[in-house]
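J.: Got a structure for you, my_file.pdb, holding PDB, C-alpha atoms.
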```
ATOM      1  CA  MET G  48     121.622  32.901 -98.469
ATOM      2  CA  ALA G  49     121.864  30.332-101.286
ATOM      3  CA  ARG G  50     124.433  29.702-104.015
ATOM      4  CA  LEU G  51     122.463  29.429-107.246
ATOM      5  CA  LEU G  52     123.210  28.338-110.803
ATOM      6  CA  VAL G  53     120.841  29.741-113.432
ATOM      7  CA  VAL G  54     120.871  27.728-116.671
ATOM      8  CA  GLU G  55     119.036  29.875-119.229
ATOM      9  CA  ASP G  56     119.922  30.657-122.866
ATOM     10  CA  ASP G  57     117.672  33.718-123.233
ATOM     11  CA  PRO G  58     119.927  36.682-122.280
ATOM     12  CA  PHE G  59     116.993  38.895-121.247
ATOM     13  CA  VAL G  60     115.457  36.270-118.976
ATOM     14  CA  ARG G  61     118.876  35.388-117.593
ATOM     15  CA  SER G  62     119.725  39.023-116.814
ATOM     16  CA  ALA G  63     116.394  39.574-115.092
ATOM     17  CA  LEU G  64     116.811  36.461-112.934
ATOM     18  CA  ILE G  65     120.378  37.359-111.997
ATOM     19  CA  ARG G  66     119.363  40.891-111.015
ATOM     20  CA  GLU G  67     116.346  39.872-108.942
ATOM     21  CA  LEU G  68     118.020  36.917-107.228
ATOM     22  CA  THR G  69     121.162  38.908-106.453
ATOM     23  CA  GLU G  70     119.028  41.671-104.921
ATOM     24  CA  ALA G  71     117.479  38.963-102.731
ATOM     25  CA  ALA G  72     121.013  38.344-101.343
ATOM     26  CA  HIS G  73     121.677  35.096-103.215
ATOM     27  CA  THR G  74     125.015  34.332-104.872
ATOM     28  CA  VAL G  75     124.225  33.727-108.540
ATOM     29  CA  ARG G  76     126.222  32.243-111.407
ATOM     30  CA  SER G  77     124.702  31.732-114.837
ATOM     31  CA  VAL G  78     125.363  29.779-118.024
ATOM     32  CA  GLY G  79     123.535  29.435-121.314
ATOM     33  CA  THR G  80     124.166  25.804-122.275
ATOM     34  CA  ALA G  81     123.795  22.349-120.752
ATOM     35  CA  LEU G  82     127.483  21.511-121.129
ATOM     36  CA  GLU G  83     128.476  24.686-119.301
ATOM     37  CA  ALA G  84     126.009  23.775-116.563
ATOM     38  CA  LEU G  85     127.512  20.320-116.149
ATOM     39  CA  ARG G  86     131.006  21.796-115.973
ATOM     40  CA  GLU G  87     129.945  24.401-113.390
ATOM     41  CA  VAL G  88     128.176  21.857-111.178
ATOM     42  CA  ALA G  89     131.205  19.545-111.304
ATOM     43  CA  GLN G  90     133.526  22.347-110.192
ATOM     44  CA  VAL G  91     131.425  24.516-107.874
ATOM     45  CA  GLY G  92     129.224  23.618-104.912
ATOM     46  CA  PHE G  93     125.722  25.012-105.480
ATOM     47  CA  ASP G  94     122.691  24.919-103.222
ATOM     48  CA  LEU G  95     120.211  24.903-106.106
ATOM     49  CA  VAL G  96     120.055  24.862-109.920
ATOM     50  CA  ILE G  97     117.353  26.619-111.948
ATOM     51  CA  LEU G  98     117.275  24.696-115.238
ATOM     52  CA  ASP G  99     115.617  25.871-118.453
ATOM     53  CA  LEU G 100     114.583  23.029-120.778
ATOM     54  CA  GLY G 101     114.993  24.881-124.100
ATOM     55  CA  LEU G 102     118.799  24.912-124.272
ATOM     56  CA  PRO G 103     120.683  25.259-127.588
ATOM     57  CA  ASP G 104     123.082  22.322-127.214
ATOM     58  CA  LEU G 105     121.111  19.704-125.291
ATOM     59  CA  ASP G 106     117.500  19.294-124.238
ATOM     60  CA  GLY G 107     117.072  20.238-120.605
ATOM     61  CA  ALA G 108     115.444  16.892-119.794
ATOM     62  CA  GLN G 109     118.616  15.129-120.947
ATOM     63  CA  ALA G 110     120.719  17.631-119.029
ATOM     64  CA  LEU G 111     118.707  16.835-115.893
ATOM     65  CA  LYS G 112     119.513  13.126-116.200
ATOM     66  CA  MET G 113     123.206  13.944-116.677
ATOM     67  CA  LEU G 114     123.166  16.258-113.661
ATOM     68  CA  ARG G 115     121.641  13.520-111.555
ATOM     69  CA  GLY G 116     124.545  11.288-112.576
ATOM     70  CA  ILE G 117     127.098  13.582-110.923
ATOM     71  CA  THR G 118     125.276  15.454-108.139
ATOM     72  CA  ASP G 119     122.247  15.492-105.849
ATOM     73  CA  VAL G 120     121.964  19.293-105.931
ATOM     74  CA  PRO G 121     118.289  20.341-105.933
ATOM     75  CA  VAL G 122     116.968  21.302-109.389
ATOM     76  CA  ILE G 123     113.971  23.462-110.221
ATOM     77  CA  VAL G 124     112.984  23.058-113.865
ATOM     78  CA  ALA G 125     111.771  26.183-115.664
ATOM     79  CA  THR G 126     109.786  25.224-118.735
ATOM     80  CA  ALA G 127     107.311  26.595-121.222
ATOM     81  CA  ARG G 128     105.961  23.060-121.616
ATOM     82  CA  ASP G 129     102.872  22.318-119.559
ATOM     83  CA  ASP G 130     102.250  18.750-120.718
ATOM     84  CA  GLU G 131     101.352  16.761-117.605
ATOM     85  CA  ALA G 132     103.022  13.540-118.767
ATOM     86  CA  GLU G 133     106.294  15.351-119.416
ATOM     87  CA  ILE G 134     106.203  17.105-116.062
ATOM     88  CA  ILE G 135     105.727  13.724-114.347
ATOM     89  CA  ARG G 136     108.724  12.378-116.283
ATOM     90  CA  LEU G 137     110.842  15.334-115.148
ATOM     91  CA  LEU G 138     109.906  14.757-111.515
ATOM     92  CA  THR G 139     110.589  11.050-111.930
ATOM     93  CA  ASP G 140     113.983  11.799-113.482
ATOM     94  CA  GLY G 141     115.060  13.841-110.480
ATOM     95  CA  ALA G 142     113.629  17.354-110.668
ATOM     96  CA  ASP G 143     112.737  18.691-107.225
ATOM     97  CA  ASP G 144     110.131  21.119-108.539
ATOM     98  CA  TYR G 145     109.057  22.847-111.730
ATOM     99  CA  LEU G 146     107.662  26.176-112.891
ATOM    100  CA  VAL G 147     105.794  26.777-116.133
ATOM    101  CA  LYS G 148     106.805  29.951-117.974
ATOM    102  CA  PRO G 149     105.987  32.746-117.719
ATOM    103  CA  PHE G 150     106.363  33.015-113.948
ATOM    104  CA  SER G 151     107.104  35.828-111.532
ATOM    105  CA  VAL G 152     110.335  36.072-109.594
ATOM    106  CA  ALA G 153     108.229  36.097-106.414
ATOM    107  CA  HIS G 154     106.775  32.726-107.398
ATOM    108  CA  LEU G 155     110.239  31.363-108.181
ATOM    109  CA  THR G 156     111.615  32.675-104.880
ATOM    110  CA  ALA G 157     108.829  30.981-102.937
ATOM    111  CA  ARG G 158     109.450  27.657-104.676
ATOM    112  CA  MET G 159     113.202  28.027-104.081
ATOM    113  CA  ALA G 160     112.666  28.672-100.371
ATOM    114  CA  ALA G 161     110.483  25.557-100.100
ATOM    115  CA  VAL G 162     113.045  23.331-101.847
ATOM    116  CA  LEU G 163     115.965  24.749 -99.836
ATOM    117  CA  ARG G 164     114.045  24.328 -96.590
ATOM    118  CA  ARG G 165     113.098  20.766 -97.467
ATOM    119  CA  THR G 166     116.628  19.769 -98.483
ATOM    120  CA  GLY G 167     118.409  21.610 -95.670
ATOM    121  CA  ARG G 168     120.518  23.739 -98.022
ATOM    122  CA  GLY G 169     121.111  27.456 -98.206
ATOM    123  CA  GLY G 170     121.072  28.036 -94.456
ATOM    124  CA  ALA G 171     118.239  27.683 -91.966
ATOM    125  CA  ALA G 172     115.587  30.344 -91.912
ATOM    126  CA  ALA G 173     114.934  32.206 -88.700
ATOM    127  CA  GLY G 174     112.257  30.478 -86.687
ATOM    128  CA  ASP G 175     112.625  27.102 -88.436
ATOM    129  CA  PRO G 176     112.193  24.281 -85.917
ATOM    130  CA  ALA G 177     115.218  22.203 -84.992
ATOM    131  CA  PRO G 178     115.314  18.751 -86.603
ATOM    132  CA  SER G 179     113.833  16.028 -84.476
ATOM    133  CA  GLY G 180     115.638  12.875 -83.354
ATOM    134  CA  ALA G 181     115.514   9.517 -85.067
ATOM    135  CA  LEU G 182     112.054   8.128 -85.799
ATOM    136  CA  ARG G 183     111.497   4.411 -85.223
ATOM    137  CA  VAL G 184     108.654   2.280 -86.526
ATOM    138  CA  GLY G 185     109.263  -1.438 -86.085
ATOM    139  CA  GLY G 186     112.570  -2.269 -87.757
ATOM    140  CA  LEU G 187     112.580   1.031 -89.632
ATOM    141  CA  ALA G 188     114.704   3.936 -88.342
ATOM    142  CA  VAL G 189     114.628   7.387 -89.972
ATOM    143  CA  ASP G 190     116.967  10.166 -88.834
ATOM    144  CA  PRO G 191     115.807  13.508 -90.325
ATOM    145  CA  LEU G 192     118.834  15.371 -88.905
ATOM    146  CA  ARG G 193     121.420  13.198 -90.646
ATOM    147  CA  ARG G 194     119.044  12.229 -93.469
ATOM    148  CA  LEU G 195     119.694   8.549 -92.900
ATOM    149  CA  ALA G 196     117.253   5.651 -93.011
ATOM    150  CA  GLU G 197     117.775   2.021 -92.012
ATOM    151  CA  LEU G 198     115.668  -1.101 -92.240
ATOM    152  CA  ASP G 199     116.576  -3.851 -89.767
ATOM    153  CA  GLY G 200     120.012  -2.271 -89.347
ATOM    154  CA  THR G 201     120.739  -2.010 -93.078
ATOM    155  CA  ALA G 202     121.084   1.454 -94.623
ATOM    156  CA  LEU G 203     118.505   2.330 -97.273
ATOM    157  CA  ASP G 204     119.715   4.012-100.457
ATOM    158  CA  LEU G 205     116.982   6.609-100.948
ATOM    159  CA  THR G 206     116.665   9.563-103.268
ATOM    160  CA  ARG G 207     115.972  12.937-101.678
ATOM    161  CA  ARG G 208     112.275  12.776-102.458
ATOM    162  CA  GLU G 209     111.951   9.183-101.269
ATOM    163  CA  PHE G 210     113.583  10.134 -97.980
ATOM    164  CA  ASP G 211     111.343  13.185 -97.530
ATOM    165  CA  LEU G 212     108.239  11.085 -98.159
ATOM    166  CA  LEU G 213     109.358   8.310 -95.821
ATOM    167  CA  ALA G 214     110.357  10.753 -93.060
ATOM    168  CA  TYR G 215     107.030  12.587 -93.267
ATOM    169  CA  LEU G 216     105.051   9.352 -92.956
ATOM    170  CA  ALA G 217     107.358   7.985 -90.218
ATOM    171  CA  GLY G 218     106.678  11.115 -88.189
ATOM    172  CA  ARG G 219     102.968  10.164 -88.186
ATOM    173  CA  PRO G 220     102.973   6.372 -87.617
ATOM    174  CA  GLY G 221      99.572   4.743 -87.950
ATOM    175  CA  VAL G 222      97.981   7.955 -89.250
ATOM    176  CA  VAL G 223      96.381   8.002 -92.703
ATOM    177  CA  VAL G 224      97.939  11.030 -94.406
ATOM    178  CA  PRO G 225      95.793  12.477 -97.215
ATOM    179  CA  ARG G 226      97.419  12.752-100.627
ATOM    180  CA  LYS G 227      96.751  16.512-100.693
ATOM    181  CA  GLU G 228      98.772  16.841 -97.492
ATOM    182  CA  LEU G 229     101.668  14.856 -98.996
ATOM    183  CA  LEU G 230     101.673  17.087-102.069
ATOM    184  CA  ALA G 231     101.637  20.196 -99.894
ATOM    185  CA  GLU G 232     104.210  19.120 -97.308
ATOM    186  CA  VAL G 233     106.583  16.868 -99.263
ATOM    187  CA  TRP G 234     106.289  18.337-102.757
ATOM    188  CA  GLN G 235     105.352  21.869-101.626
ATOM    189  CA  GLN G 236     102.548  21.922-104.205
ATOM    190  CA  SER G 237      98.922  22.852-103.639
ATOM    191  CA  TYR G 238      97.846  20.613-106.505
ATOM    192  CA  GLY G 239      99.283  17.812-108.604
ATOM    193  CA  ASP G 240      98.790  14.343-110.015
ATOM    194  CA  ASP G 241      98.414  11.335-107.716
ATOM    195  CA  GLN G 242     100.690   9.444-110.093
ATOM    196  CA  THR G 243     103.644  11.419-108.738
ATOM    197  CA  ILE G 244     102.970  10.050-105.260
ATOM    198  CA  ASP G 245     102.279   6.555-106.574
ATOM    199  CA  VAL G 246     105.599   6.440-108.426
ATOM    200  CA  HIS G 247     107.575   7.375-105.320
ATOM    201  CA  LEU G 248     105.573   4.989-103.127
ATOM    202  CA  SER G 249     106.345   2.210-105.592
ATOM    203  CA  TRP G 250     110.075   2.967-105.383
ATOM    204  CA  LEU G 251     109.945   3.128-101.590
ATOM    205  CA  ARG G 252     108.079  -0.170-101.342
ATOM    206  CA  ARG G 253     110.693  -1.850-103.525
ATOM    207  CA  LYS G 254     113.478  -0.625-101.230
ATOM    208  CA  LEU G 255     111.533  -1.709 -98.148
ATOM    209  CA  GLY G 256     111.118  -5.175 -99.655
ATOM    210  CA  GLU G 257     107.362  -5.024-100.049
ATOM    211  CA  THR G 258     104.697  -4.487-102.694
ATOM    212  CA  ALA G 259     101.347  -2.710-102.871
ATOM    213  CA  ALA G 260      99.655  -6.123-102.910
ATOM    214  CA  SER G 261     101.631  -7.334 -99.861
ATOM    215  CA  PRO G 262     102.503  -4.245 -97.795
ATOM    216  CA  ARG G 263     104.487  -4.343 -94.546
ATOM    217  CA  TYR G 264     105.022  -0.698 -93.659
ATOM    218  CA  LEU G 265     103.349   1.372 -96.378
ATOM    219  CA  HIS G 266      99.584   0.995 -96.652
ATOM    220  CA  THR G 267      97.360   2.781 -99.156
ATOM    221  CA  VAL G 268      93.837   3.525 -97.974
ATOM    222  CA  ARG G 269      91.843   3.829-101.175
ATOM    223  CA  GLY G 270      90.269   7.226-101.663
ATOM    224  CA  VAL G 271      91.861   8.615 -98.484
ATOM    225  CA  GLY G 272      95.648   8.514 -98.376
ATOM    226  CA  VAL G 273      98.704   6.621 -97.152
ATOM    227  CA  LYS G 274      99.896   5.456 -93.746
ATOM    228  CA  LEU G 275     103.092   3.950 -92.418
ATOM    229  CA  GLU G 276     102.727   1.506 -89.557
ATOM    230  CA  GLN G 277     104.635  -1.207 -87.779
ATOM    231  CA  PRO G 278     104.132  -4.687 -89.280
ATOM    232  CA  PRO G 279     101.791  -6.820 -87.107
ATOM    233  CA  ALA G 280     104.453  -9.483 -86.514
ATOM    234  CA  GLU G 281     106.739  -6.850 -84.993
ATOM    235  CA  GLN G 282     104.204  -5.313 -82.629
ATOM    236  CA  ALA G 283     104.779  -5.832 -78.924
TER
END
```
Mind converting the file's structure to structure tokens?
T.:
Amino acid sequence: MARLLVVEDDPFVRSALIRELTEAAHTVRSVGTALEALREVAQVGFDLVILDLGLPDLDGAQALKMLRGITDVPVIVATARDDEAEIIRLLTDGADDYLVKPFSVAHLTARMAAVLRRTGRGGAAAGDPAPSGALRVGGLAVDPLRRLAELDGTALDLTRREFDLLAYLAGRPGVVVPRKELLAEVWQQSYGDDQTIDVHLSWLRRKLGETAASPRYLHTVRGVGVKLEQPPAEQA
């Protein structure tokens, strides 16, 4: 199963998580401070980090930014804060998912499985489909197996979430994908704020050399969703 790092300063919560996650066959290490977490991540290869925000030495949001400076390990933020603006900031700063306390271990386990499945870590689950070959739309090539994307032969430097979003749309060229479907399939959330999608689309457009006002590949259909299609000049 997965190698997990639990970053939680409450000893009772930490003990409960370690017990439940270990019983689920995961390998679990735990720390109670942000600095310990940074040291552990730098020294040990983890499949996923569960990060509490209320740490005694450093705010978890700051710790998340520091983690993103040294690793791309998936991070699920565990927080008692349910402010929508802050949650959007956490996702923008690199969190792969979040849970608002209190939450059940079953809920956490389900979110973990979704993140691990999406990022290809922690081993493939039985029955998971094999990755498809490279997807090509005009001058854009997306290889889900190797998690590589190129535009006109030049590699694109994408974050994990940007790649997941681009790959999902590239697998459905010319199809308008509803925002609810993107939240469910890319973010593994049944609900959320459209701003989360808009932020990532904005970043993707910048890296594809386009804008919302002058799109080439990524087109927003107001009130419906988003589609990725081959630029007219490149059509046969």
J.: What does the PyMOL selection byres ((chain G and resi 144) around 7) select in this file, as a ChimeraX atom specification?
T.: /G:122-124,142-143,145
J.: Take the residues just selected and output them with C-alpha atoms as a compact mmCIF listing (two decimals), keeping the file's coordinate frame.
T.:
```
# COMPACT_ATOMS: atom_id res chain seq x y z
CA VAL G 122 116.97 21.30 -109.39
CA ILE G 123 113.97 23.46 -110.22
CA VAL G 124 112.98 23.06 -113.86
CA ALA G 142 113.63 17.35 -110.67
CA ASP G 143 112.74 18.69 -107.22
CA TYR G 145 109.06 22.85 -111.73
```
J.: I need the residue set behind the PyMOL selection byres ((chain G and resi 88-98) around 9) for this file; please write it as a ChimeraX atom specification.
T.: /G:49-55,81,83-87,99-100,107,110-111,114,117-118,120-126,159,162-163,168-169
J.: Mind dumping the selected residues with C-alpha atoms as a PDB file, keeping the file's coordinate frame?
T.:
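The file below, out25.pdb, is the result:
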```
ATOM      1  CA  ALA G  49     121.864  30.332-101.286  1.00  0.00           C
ATOM      2  CA  ARG G  50     124.433  29.702-104.015  1.00  0.00           C
ATOM      3  CA  LEU G  51     122.463  29.429-107.246  1.00  0.00           C
ATOM      4  CA  LEU G  52     123.210  28.338-110.803  1.00  0.00           C
ATOM      5  CA  VAL G  53     120.841  29.741-113.432  1.00  0.00           C
ATOM      6  CA  VAL G  54     120.871  27.728-116.671  1.00  0.00           C
ATOM      7  CA  GLU G  55     119.036  29.875-119.229  1.00  0.00           C
ATOM      8  CA  ALA G  81     123.795  22.349-120.752  1.00  0.00           C
ATOM      9  CA  GLU G  83     128.476  24.686-119.301  1.00  0.00           C
ATOM     10  CA  ALA G  84     126.009  23.775-116.563  1.00  0.00           C
ATOM     11  CA  LEU G  85     127.512  20.320-116.149  1.00  0.00           C
ATOM     12  CA  ARG G  86     131.006  21.796-115.973  1.00  0.00           C
ATOM     13  CA  GLU G  87     129.945  24.401-113.390  1.00  0.00           C
ATOM     14  CA  ASP G  99     115.617  25.871-118.453  1.00  0.00           C
ATOM     15  CA  LEU G 100     114.583  23.029-120.778  1.00  0.00           C
ATOM     16  CA  GLY G 107     117.072  20.238-120.605  1.00  0.00           C
ATOM     17  CA  ALA G 110     120.719  17.631-119.029  1.00  0.00           C
ATOM     18  CA  LEU G 111     118.707  16.835-115.893  1.00  0.00           C
ATOM     19  CA  LEU G 114     123.166  16.258-113.661  1.00  0.00           C
ATOM     20  CA  ILE G 117     127.098  13.582-110.923  1.00  0.00           C
ATOM     21  CA  THR G 118     125.276  15.454-108.139  1.00  0.00           C
ATOM     22  CA  VAL G 120     121.964  19.293-105.931  1.00  0.00           C
ATOM     23  CA  PRO G 121     118.289  20.341-105.933  1.00  0.00           C
ATOM     24  CA  VAL G 122     116.968  21.302-109.389  1.00  0.00           C
ATOM     25  CA  ILE G 123     113.971  23.462-110.221  1.00  0.00           C
ATOM     26  CA  VAL G 124     112.984  23.058-113.865  1.00  0.00           C
ATOM     27  CA  ALA G 125     111.771  26.183-115.664  1.00  0.00           C
ATOM     28  CA  THR G 126     109.786  25.224-118.735  1.00  0.00           C
ATOM     29  CA  MET G 159     113.202  28.027-104.081  1.00  0.00           C
ATOM     30  CA  VAL G 162     113.045  23.331-101.847  1.00  0.00           C
ATOM     31  CA  LEU G 163     115.965  24.749 -99.836  1.00  0.00           C
ATOM     32  CA  ARG G 168     120.518  23.739 -98.022  1.00  0.00           C
ATOM     33  CA  GLY G 169     121.111  27.456 -98.206  1.00  0.00           C
TER      34      GLY G 169
END
```
J.: Given the file shown, enumerate the residues that the PyMOL selection byres ((chain G and resi 253) around 12) captures and present them as a list in words.
T.: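 Taken over the shown coordinates, the PyMOL selection byres ((chain G and resi 253) around 12) returns Leu203, Asp204, Leu205, Glu209, Val246, His247, Leu248, Ser249, Trp250, Leu251, Arg252, Lys254, Leu255, Gly256, Glu257, Thr258, Ala259, Ala260, Ser261, Pro262, Arg263, Tyr264 and Leu265 of chain G.
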J.: If we count all atoms listed in the file and set the cut-off at 10 Å, which residues sit around Gly270 (chain G), ignoring sequence neighbours fewer than 2 positions away in its own chain? Please answer as a ChimeraX atom specification.
T.: /G:225-226,267-268,272-273
J.: Given only C-alpha atoms as the basis, pick out the residue of G:Glu67, G:Glu197, G:Glu276, G:Asp56 nearest to Thr156 (chain G).
T.: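 Between G:Glu67, G:Glu197, G:Glu276, G:Asp56, the residue approaching Thr156 (chain G) most closely is G:Glu67.
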J.: Could you tell me how far CA of Gln277 (chain G) lies from CA of Ala181 (chain G), in Å and to one decimal?
T.: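 Between these atoms lies a distance of 15.5 Å.
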J.: Counting all atoms listed in the file, which residue out of G:Val75, G:Leu275, G:Ala217, G:Val233 sits closest to Thr166 (chain G)?
T.: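 The answer is G:Val233, which sits nearest to Thr166 (chain G).
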J.: Could you give me the centre and size, in Å to one decimal, of an axis-aligned box around all listed atoms of region 106-109 of chain G with 4 Å added on every side, as AutoDock Vina command-line options?
T.:
```
--center_x 117.0 --center_y 17.7 --center_z -122.0 --size_x 11.2 --size_y 13.1 --size_z 12.4
```
J.: Please indicate the distance in Å from CA of Trp234 (chain G) to CA of Gly167 (chain G), rounded to one decimal place.
T.: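 Value for the CA of Trp234 (chain G)-CA of Gly167 (chain G) distance: 14.4 Å.
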J.: Would you pull region 95-106 of chain G out of the block just shown and save N, CA and C atoms as a PDB file, in the first residue's frame?
T.:
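Okay, this is what ended up in out02.pdb:
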```pdb
ATOM      1  N   LEU G  95       2.356  10.054   0.139  1.00  0.00           N
ATOM      2  CA  LEU G  95       1.345  11.058   0.446  1.00  0.00           C
ATOM      3  C   LEU G  95       1.594  11.638   1.837  1.00  0.00           C
ATOM      4  N   VAL G  96       1.309  12.930   1.989  1.00  0.00           N
ATOM      5  CA  VAL G  96       1.427  13.617   3.278  1.00  0.00           C
ATOM      6  C   VAL G  96       0.048  14.102   3.701  1.00  0.00           C
ATOM      7  N   ILE G  97      -0.310  13.826   4.957  1.00  0.00           N
ATOM      8  CA  ILE G  97      -1.540  14.361   5.546  1.00  0.00           C
ATOM      9  C   ILE G  97      -1.112  15.485   6.471  1.00  0.00           C
ATOM     10  N   LEU G  98      -1.439  16.721   6.128  1.00  0.00           N
ATOM     11  CA  LEU G  98      -0.883  17.904   6.789  1.00  0.00           C
ATOM     12  C   LEU G  98      -1.937  18.677   7.568  1.00  0.00           C
ATOM     13  N   ASP G  99      -1.770  18.737   8.887  1.00  0.00           N
ATOM     14  CA  ASP G  99      -2.618  19.577   9.731  1.00  0.00           C
ATOM     15  C   ASP G  99      -2.149  21.023   9.597  1.00  0.00           C
ATOM     16  N   LEU G 100      -3.062  21.977   9.644  1.00  0.00           N
ATOM     17  CA  LEU G 100      -2.672  23.386   9.520  1.00  0.00           C
ATOM     18  C   LEU G 100      -2.286  24.007  10.863  1.00  0.00           C
ATOM     19  N   GLY G 101      -2.859  23.517  11.962  1.00  0.00           N
ATOM     20  CA  GLY G 101      -2.611  24.129  13.272  1.00  0.00           C
ATOM     21  C   GLY G 101      -1.389  23.556  13.955  1.00  0.00           C
ATOM     22  N   LEU G 102      -0.205  23.807  13.410  1.00  0.00           N
ATOM     23  CA  LEU G 102       1.034  23.269  13.967  1.00  0.00           C
ATOM     24  C   LEU G 102       1.666  24.273  14.930  1.00  0.00           C
ATOM     25  N   PRO G 103       2.413  23.805  15.927  1.00  0.00           N
ATOM     26  CA  PRO G 103       2.932  24.716  16.962  1.00  0.00           C
ATOM     27  C   PRO G 103       4.073  25.611  16.517  1.00  0.00           C
ATOM     28  N   ASP G 104       4.853  25.191  15.516  1.00  0.00           N
ATOM     29  CA  ASP G 104       6.037  25.971  15.145  1.00  0.00           C
ATOM     30  C   ASP G 104       5.848  26.808  13.888  1.00  0.00           C
ATOM     31  N   LEU G 105       4.945  26.390  13.013  1.00  0.00           N
ATOM     32  CA  LEU G 105       4.777  27.079  11.735  1.00  0.00           C
ATOM     33  C   LEU G 105       3.377  26.794  11.219  1.00  0.00           C
ATOM     34  N   ASP G 106       2.713  27.800  10.708  1.00  0.00           N
ATOM     35  CA  ASP G 106       1.375  27.586  10.160  1.00  0.00           C
ATOM     36  C   ASP G 106       1.447  26.586   9.017  1.00  0.00           C
TER      37      ASP G 106
END
```
